[in-house]
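Undergrad: Pasting in a structure now, in C-alpha cells, and then I'll have a few things to ask.
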Amino acid sequence: MIAAPLLEIAVLVLGMLILMIEAFAGKIDKRVLAFVAIIGLAIVLLGSFFVGRSPPLPHATSLWNFYTADRLAIFFKQFALVTTIFVLIMMIDYAPVLRNSFAGSTSQAGLGEFVALPLFTCAGLMYLVSAIDFVFIFVSLELVTVSFYVLISFTRRNPLTLEAGMKYLVLSALSTAFLVYGIAWIFGATGQTNLYRLTQALANPATNAGAALLGIVFVLVALGFKIAAVPFQIWVPDVYQGAPTPVTAYLSVGSKAAGFIVLIRVLQPFMNLPQTQRLIFVIALLTLIYGNLAALPQTNLKRLLAYSSIAHAGYLLIGVVCFDVRAVAFYLVAYLLMTLLSFAVLIIVAQRTGEEISDFDGLAKRSPFLAFAMLIGMVSLAGLPFTAGFLGKFYIFYAAVSQRQISLIVVGVITVGCGFYYYLKVIRAMYWPSRDASDSDAGRQSATRTEKIRVSALSGVAISALAFATIWLGVFPQPILNVLKR
Amino acid sequence: MVLFAIFCPIVAAALIMFGAPARKTALAASMLTFAAALFLFASFEYGQADFQHITSFPISPEWRLSFTTGIDGLSVVMVLLAAIVTLAAILFAGAVERYENAFYACLLFISGGAIGAFASIDLFFFYAFHELALIPTFLLIGIWGSGNRVAAAWKITIYLAIGSFILLLGLILLYQSFPLGSRSFDIRVLRTAASMGQITADAQRHVYLLLLVGFGILISLFPFHTWAPEAYAAAPAPAAMLHAGVLKKFGLYGILRLAIPMLPAGAHYWASLLVVLLLGNIIYVGLVTIAQKRLDWMLGYSSVMHMGYIFLGIASFAVLGVTGAVVLIFAHGLSIALLFGVAGELRKRTGTLAFDELGGFARVMPFAGLAFGFGVFAAVGLPGFANFAGEIMIFFGAFGDGWEMGRFHIFQIATVLALWGVVISTVYMLRAYRNTFMGTLRDQWRKLPDLRPALRVPVTLLVVALLCCGFFPQSLVRLVTPMFRSYLSTEKSNVPNMQSGTHAAVRRPHVMSVNEENAPQRRDYSIR
C-alpha cells in the first residue's frame with residue numbers, strides 16, 4: 001500500500017526534475033522530456049491503484065484533517081493523471097507551433113517549460129480533489145490557477161493568446177478574491193474551515209446560517225468561474241480560443257473536473273439548506289440555456305468547443321442539483337474522453353488548414369481516420385447511444401427524472417436538440433460535399449484542402465484509444481460505475 | 001440467428017468502410033439477413049406469446065441491464081419487413097456516383113439498427129439501436145440528396161433527435177414508475193410486473209403521454225409530421241424506402257411493445273386525444289396530400305397519412321384492431337418502399353417529379369408503370385393486397401371494440417370519418433398514377449429506358465410479399481394474436497368462450513375492461 005500523498009509528491013518531483021534537465025542539459029532533444037513526463041505519469045498512475053484509503057473522518061488526525069483519500073478522490077486523481085498524459089501527447093504534436101513564438105532562439109526553446117508546467121497543474125488538481133478543508137482548497141486551487149496563467153499565455157507572440165492570458169489572469173484573480181472572502185464569512189459564522197466539522201456546525205441551530213449562506217454564495221462565484229457556469233462564463237470563449245490548443249483541452253477537462261469535485265464537496269454541508277439547491281438550480285438553468293444557444297452560431301471550432309464546455313457544465317449542474325455524485329462523475333469521465341478526442345483531432349487539422357469549421361471541409365477525403373475519430377467525438381458530445389456521452393446524459397437525466405426536476409428536464413430536452421445542430425455542423429463539414437468549390441480564394445487553398453494529412457504514430461494511437469474508449473464506455477459502463485460505488 | 005440478423009448488416013457496413021467492394025458486400029449481407037429473417041419466420045413456434053431464440057449478455061447487473069435479443073410474433077413480423085425492404089433498397093440502389101462505399105455503409109447501418117431495435121428485449125438497446133440510424137440518415141440526405149437537401153437533412157435530424165430524447169425521458173419514467181424491486185431493463189420482467197398492476201394509473205398517464213409524443217414524432221403523428229414529406233422528397237430513393245418503410249415503423253412497434261402491455265390505463269386516458277390526432281393524420285394530411293404538385297412530396301405525405309389508420313387500430317385497444325395495425329404496418333412498409341423505389345428510378349431518368357412535366361410514361365416504361373400500379377393499388381387498399389386486410393381489420397376493430405366517452409361513441413365516429421380517408425387516398429393515388437403514367441407523353445421523354453432487368457427482382461419481391469399477405473393474412477395474424485390476446489385479455493379471463501385456433505382473431509374479441517373507477521363504458525352490440 002502506498003500512502004496517498006506520495007502520488008502528488010511524485011508528480012511534483014517529476015516536474016522539478018524536468019525543469020532541472022531543461023536548465024542544465026542544453027543540447028538534448030526537448031521532446032524527450034515530454035516522453036519522460038508521460039512515462040513518469042504513467043508510473044504514478046499505476047501506483048495510484050495501490051493507494052491505501054484514508055481513515056474515516058471523525059477519527060482523522062493531522063494530515064487527514066484537510067486531505068482525504070476516499071474513493072472519489074483517488075478516482076479523480078487518476079482522472080487528472082490520464083488527462084495530463086493525453087495533454088502531454090497533444091503538446092508533442094503542438095511543438096512546431098510553439099517554435100513560432102520563440103523566434104530567434106533555438107528551435108526548441110520553451111518546450112521544456114511547456115512540458116513541465118502541466119505536471120505542476122496536475123499536482124494541483126490532485127490536491128484539489130482530495131481537499132476537504134477550505135484553506136487547503138484555496139491553496140491547491142491557486143497552484144492550479146498560477147500554472148495556468150503561464151500556460152495560457154505561452155505562445156506570447158500571438159496577440160490573441162496574450163489577450164486570453166490577460167483575461168484569465170484578471171478574472172481569475174477576481175474570483176480568487178471572492179473565494180477568500182466567502183471562506184472568511186463561513187469561518188466567521190461557524191468557526192470551522194474543515195468541511196466535515198462545518199456540517200456539524202451548520203446542523204447546530206445556534207449557528208448563524210444566513211452568514212454562512214452568504215459565504216457559500218461567494219464561494220460559488222469562485223467555483224462557478226472554474227467550472228464555467230453562467231454568469232461567470234464570460235472569460236471562457238476568448239480564453240479557450242486564444243490559449244494554445246493543448247492548454248485549452250487541459251483547461252476544459254482537468255480544471256472543470258476538479259472544480260466539480262470541489263463543488264460537490266463544498267456543497268455537501270450546505271445541501272440541507274433549501275436556498276443552496278435553489279441557487280444551483282438557477283445557475284444550472286442559465287448555464288444550459290446560455291451555453292447551448294450561444295454555441296449555435298459559432299463558426300470557429302475552438303470557440304464552439306468553448307461554448308460546448310459551458311453547455312456541458314449545465315448538464316453536470318443538473319447532476320449537482322440532484323446531488324447524484326456518480327452521475328456527475330460518470331459524465332465527467334465521458335466528457336474527458338470525448339473532449340480530449342475532439343481537441344486531439346483539432347490540433348492536427350488546425351496545423352494544416354485552420355481552426356474554423358469550414359477548415360474541416362472534406363476532411364473525410366483528406367484523412368478518413370481523423371474524420372471518423374472526430375465523428376465519434378461529436379456524436380458522443382451530442383449524446384447518441386453507444387457512446388459514453390449518451391450514458392452520461394442518461395444518468396444525469398435519470399437522476400433529474402427521479403427527482404422530478406421538470407423545468408430542468410424541459411430545458412434539457414430543448415438544449416439537447418440545439419446540441420445536435422452545432423455538433424452535426426462539424427460532421428456536415430467533414431462529410432458533405434464542399435459547399436462551393438469555386439470560392440474566391442479556392443485557388444490558394446485547394447492545395448492544402450486536398451492534401452492528405454499524416455498522423456504521427458503516437459497521436460494515432462492516442463486518438464484511436466480515446467475513440468475506442470468512448471464507444472467501449474458507451475456499451476460497458478459498469479467498470480466505472482463499480483469504481484464509483486459507495 | 002437473431003444476432004446474425006442484427007450484426008450481419010452492421011459488420012458488412014464496417015467491412016465496406018474498410019474497403020470491401022461496396023455493392024457486392026451489401027448485396028450479400030442483405031441477402032444473408034433476408035435468409036436469416038425467413039428462417040426466423042419459418043422456424044417460429046406459433047401459438048406462443050413469449051419470446052423465442054433468446055440470447056443474453058449481461059452488461060450492468062446493478063441496473064439489471066443486459067444485451068438480450070429474441071423474437072416474439074410481433075418482432076418476427078418487423079424483422080421480416082426490415083429484411084425485405086433492406087434487400088429491395090440495396091437492389092434499387094444500383095451504382096452511386098460518389099462515395100459509393102459510404103452510401104452502402106449508411107444503408108446497412110440503418111437496416112442493422114432497425115433490426116436490432118426490433119429484436120431487442122432490453123429497453124436500453126431497444127432505444128439505442130434505433131438511434132444508430134440518425135447519423136446515417138443525416139449523411140444520406142446531406143450527401144446524396146436532391147432538391148432542398150440541406151434544410152431537409154437538418155429538419156429530420158433535429159426533429160428525430162428531440163423526439164427520441166423525449167422518448168428516452170418517457171422510458172426513464174417508465175422504468176422509475178415500477179417499484180424498486182421490479183425495476184429492470186428487461187421488457188419481459190417489466191411486462192410481468194405491469195400485469196400485476198405495479199404501475200399506478202397516474203404514472204401510466206404520464207408515461208403514456210411522453211411515449212406518445214416521443215414515438216409520435218418518430219412516426220410523424222399529426223402535429224409532428226412536418227419533417228417527413230420534406231425529408232422523403234429530398235432523400236435518395238433507397239434511404240426513403242428504408243426510412244419510410246422500416247424506421248418509421250419503429251415508433252409504432254414501440255407503442256405496441258410497451259404501451260399496450262404495460263400502460264392500459266394510460267392508453268384509455270389519452271385515447272380521445274389520440275383519436276383526434278389520428279383524424280388529423282387521416283383527414284387533414286390526406287387533403288394536403290391531394291394538393292401536392294410533386295410525386296415525391298405526395299408519396300411522403302401519403303406515408304404520413306397512412307400512419308393514421310395504424311394509430312386507429314392501436315387506439316381501439318382490442319385484439320382485432322391491434323392485429324390489423326400490425327398487418328397494416330407490414331403492408332404499408334412494403335407498399336411505400338415499392339412506390340419510393342419506382343419514383344426514385346423516375347427521378348434518376350427525368351430529373352424532376354413535378355406532375356406538370358410528367359405523363360404518359362406507361363408507354364415507354366411499361367414495367368415501371370406496372371410496378372407503380374401495384375404499389376398504388378396496394379396503398380389504396382384494394383382487396384388482394386395486404387393493406388386491405390390490415391385496414392379492414394382496423395376498421396372493424398375500431399368500430400366494434402371502441403368504447404363510449406360520456407355517451408359519445410368517439411370510435412364509431414372516428415371510424416366513419418377514417419373511412420373517408422380511403423376515398424381521399426384513392427383520389428390522390430389514382431391522380432398521381434394518371435399524371436405520371438397516363439396521358440400524353442412529352443417529346444423529351446420519348447427515349448426513356450424502362451427499369452433494367454435487375455430491378456425487376458426487388459419489385460417482384462415486394463409485390464409477391466404484398467400479395468401473399470393479402471391473400472393469406474393469417475400468416476401474420478397467427479404470429480401476433482396469441483401475444484396480444486395474452487395482454488389484452490388479462491382482465492377478461494372469466495369470459496368462458498375464449499376462442500382458440502387460427503380464426504379466433506377475426507371474430508369479435510371480447511369485452512375489454514379496465515380496473516378503474518371511471519373506466520369507459522362500452523356499449524354492447526352483441527345479439528343476446
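Identifiers in this document derive from the order of the C-alpha cells: chains are assigned A, B, ..., residues are numbered from 1 separately in each chain, and ligands are numbered from 1 in order of occurrence.
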Quick check: residues of chain A within 7 Å of chain B, only C-alpha atoms, returned as a ChimeraX atom specification.
TA: /A:384-386,398,401-402,413,417,420-421,432-433,476,478
Undergrad: Can I get the selected residues back with C-alpha atoms, as a PDB file, in the first residue's frame?
TA:
```
ATOM      1  CA  LEU A 384     -26.081   9.448 -29.297  1.00  0.00           C
ATOM      2  CA  PRO A 385     -26.340   5.911 -27.901  1.00  0.00           C
ATOM      3  CA  PHE A 386     -23.376   3.552 -27.947  1.00  0.00           C
ATOM      4  CA  TYR A 398     -32.251   9.631 -14.853  1.00  0.00           C
ATOM      5  CA  VAL A 401     -36.476  12.418 -13.657  1.00  0.00           C
ATOM      6  CA  SER A 402     -36.369  10.591 -10.359  1.00  0.00           C
ATOM      7  CA  VAL A 413     -34.567  18.436 -23.984  1.00  0.00           C
ATOM      8  CA  GLY A 417     -31.787  19.498 -29.699  1.00  0.00           C
ATOM      9  CA  PHE A 420     -27.377  18.177 -32.202  1.00  0.00           C
ATOM     10  CA  TYR A 421     -27.383  21.164 -34.512  1.00  0.00           C
ATOM     11  CA  TRP A 432     -20.909  16.559 -47.013  1.00  0.00           C
ATOM     12  CA  PRO A 433     -19.566  17.705 -50.347  1.00  0.00           C
ATOM     13  CA  PHE A 476     -19.973  -1.255 -20.921  1.00  0.00           C
ATOM     14  CA  GLN A 478     -20.104  -0.969 -15.382  1.00  0.00           C
TER      15      GLN A 478
END
```
Undergrad: Give me the residues within 8 Å of segment 232-237 of chain A as a PyMOL selection string, counting only C-alpha atoms and dropping any in the same chain fewer than 4 places off.
TA: chain A and resi 167-168+171+221+224-225+228+241+303+306-307+310
Undergrad: Contacts of Leu214 of chain A at 10 Å or less, counting only C-alpha atoms, minus same-chain residues fewer than 4 places along, as a ChimeraX atom specification?
TA: /A:181-183,185-186,189,209-210,218-220
Undergrad: Could those selected residues go to a file with C-alpha atoms, as a short mmCIF file (atom, residue, chain, number, x, y, z; two decimals), in the first residue's frame?
TA:
```cif
data_model
loop_
_atom_site.label_atom_id
_atom_site.label_comp_id
_atom_site.auth_asym_id
_atom_site.auth_seq_id
_atom_site.Cartn_x
_atom_site.Cartn_y
_atom_site.Cartn_z
CA TYR A 181 -13.97 36.44 1.12
CA GLY A 182 -16.52 33.64 1.13
CA ILE A 183 -14.27 31.41 3.21
CA TRP A 185 -17.61 34.62 6.03
CA ILE A 186 -18.11 30.90 6.52
CA ALA A 189 -20.16 32.26 11.05
CA ALA A 209 -26.96 30.09 8.85
CA GLY A 210 -27.57 33.34 6.99
CA PHE A 218 -19.21 33.94 -2.63
CA VAL A 219 -17.54 30.56 -2.80
CA LEU A 220 -19.97 29.60 -5.55
#
```
Undergrad: Quick one: residues within 8 Å of segment 279-294 of chain B, only C-alpha atoms, excluding same-chain residues fewer than 4 positions away - as a list in words?
TA: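 The contact residues come out as Leu221, Phe222, Pro223, Val275, Met298, Tyr301, Ser302, Val304, Met305, His306, Met307, Gly308, Tyr309, Leu353, Ala354, Phe355, Asp356, Ala414, Leu417, Ala418, Trp420, Gly421, Ile424, Ser425, Val427 and Tyr428 of chain B.
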Undergrad: I need the residues from that last selection saved to file as a PDB file, in the first residue's frame (with C-alpha atoms), if you can.
TA:
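Output below, filename result36.pdb:
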```pdb
ATOM      1  CA  LEU B 221     -48.199  11.726 -35.837  1.00  0.00           C
ATOM      2  CA  PHE B 222     -50.311  14.673 -36.919  1.00  0.00           C
ATOM      3  CA  PRO B 223     -48.860  17.833 -35.404  1.00  0.00           C
ATOM      4  CA  VAL B 275     -58.248   9.757 -31.896  1.00  0.00           C
ATOM      5  CA  MET B 298     -47.154  13.324 -52.458  1.00  0.00           C
ATOM      6  CA  TYR B 301     -47.465  12.933 -47.296  1.00  0.00           C
ATOM      7  CA  SER B 302     -49.312   9.738 -48.138  1.00  0.00           C
ATOM      8  CA  VAL B 304     -47.777  10.243 -43.100  1.00  0.00           C
ATOM      9  CA  MET B 305     -51.471   9.879 -43.746  1.00  0.00           C
ATOM     10  CA  HIS B 306     -51.464   6.107 -43.565  1.00  0.00           C
ATOM     11  CA  MET B 307     -49.998   6.263 -40.107  1.00  0.00           C
ATOM     12  CA  GLY B 308     -53.427   7.477 -39.045  1.00  0.00           C
ATOM     13  CA  TYR B 309     -55.055   4.128 -39.815  1.00  0.00           C
ATOM     14  CA  LEU B 353     -41.007  14.670 -60.309  1.00  0.00           C
ATOM     15  CA  ALA B 354     -43.351  17.609 -60.805  1.00  0.00           C
ATOM     16  CA  PHE B 355     -46.684  16.309 -62.096  1.00  0.00           C
ATOM     17  CA  ASP B 356     -46.803  19.062 -64.726  1.00  0.00           C
ATOM     18  CA  ALA B 414     -63.712   8.247 -35.930  1.00  0.00           C
ATOM     19  CA  LEU B 417     -64.527   9.654 -40.746  1.00  0.00           C
ATOM     20  CA  ALA B 418     -61.479   7.472 -41.312  1.00  0.00           C
ATOM     21  CA  TRP B 420     -63.460   8.774 -45.925  1.00  0.00           C
ATOM     22  CA  GLY B 421     -59.703   8.625 -45.756  1.00  0.00           C
ATOM     23  CA  ILE B 424     -59.101  10.588 -50.152  1.00  0.00           C
ATOM     24  CA  SER B 425     -56.207   8.235 -50.641  1.00  0.00           C
ATOM     25  CA  VAL B 427     -58.199  10.220 -55.145  1.00  0.00           C
ATOM     26  CA  TYR B 428     -54.585  11.244 -54.741  1.00  0.00           C
TER      27      TYR B 428
END
```
Undergrad: Find the residue from A:Ser172, A:Phe148, A:Ala184, A:Cys322 that sits nearest to Leu267 of chain A; use only C-alpha atoms when measuring.
TA: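 Selected residue with least distance to Leu267 of chain A: A:Cys322.
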Undergrad: Where does DSSP see alpha helix (DSSP H) in segment 361-440 of chain A, if you list the residues as an NGL selection string?
TA: :A and (363-366 or 368-382 or 388-402 or 406-431)
Undergrad: If you count only C-alpha atoms, which residues fall within 8 Å of Ser308 of chain A, apart from same-chain ones fewer than 2 positions away, as number ranges by chain?
TA: A: 291-292, 295, 304-306, 310-312
Undergrad: Could those selected residues go to a file with C-alpha atoms, as a compact mmCIF listing (two decimals), in the first residue's frame?
TA:
```txt
# COMPACT_ATOMS: atom_id res chain seq x y z
CA GLY A 291 -24.13 27.58 -23.40
CA ASN A 292 -26.28 25.87 -25.96
CA ALA A 295 -22.89 27.77 -29.41
CA LEU A 304 -17.59 26.18 -30.43
CA LEU A 305 -15.94 23.75 -28.07
CA ALA A 306 -15.66 26.54 -25.52
CA ILE A 310 -20.30 25.74 -20.89
CA ALA A 311 -23.23 23.67 -22.12
CA HIS A 312 -21.82 20.51 -20.61
```
Undergrad: Work out how far atom CA of Leu179 of chain A is from atom CA of Ala222 of chain A, in Å to one decimal.
TA: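 Those two atoms sit 5.3 Å apart.
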Undergrad: Give the answer as one residue: which of A:Ile406, A:Val247, A:Leu14, A:Met430 has the shortest atom-to-atom distance to Phe281 of chain A, using only C-alpha atoms?
TA: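 Closest candidate: A:Ile406.
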Undergrad: Applying 7 Å and only C-alpha atoms, which residues near segment 35-42 of chain B remain after dropping the ones on its own chain fewer than 4 positions away? List them as an MDAnalysis selection string.
TA: chainID B and resid 1 5 31 76 79:80 83
Undergrad: Quick one: write out the picked residues with C-alpha atoms as a tab-separated table (two decimals), in the first residue's frame?
TA:
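So the final result, stored in selection.tsv, reads:
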```tsv
chain	number	residue	atom	x	y	z
B	1	MET	CA	-29.72	-16.42	-35.58
B	5	ALA	CA	-29.64	-10.88	-38.48
B	31	MET	CA	-29.42	-11.47	-48.79
B	76	VAL	CA	-40.60	-11.51	-36.26
B	79	VAL	CA	-37.66	-8.17	-38.67
B	80	LEU	CA	-39.05	-9.78	-41.79
B	83	ALA	CA	-35.08	-7.61	-44.14
```
Undergrad: As an exercise, work out the distance from atom CA of Ala389 of chain B to atom CA of Ala119 of chain B in Å and give it to one decimal place.
TA: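 Going from atom CA of Ala389 of chain B over to atom CA of Ala119 of chain B covers 25.0 Å.
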Undergrad: Could you tell me how far atom CA of Phe92 of chain B sits from atom CA of Leu455 of chain B, in Å to one decimal place?
TA: 6.3 Å
Undergrad: For Leu242 of chain B, list every protein, DNA or RNA residue within 7 Å, evaluated using only C-alpha atoms, and leave out those in the same chain fewer than 5 positions away; present the list as a list of chain:residue names.
TA: B:Val85, B:Thr86, B:Ala89, B:Leu247
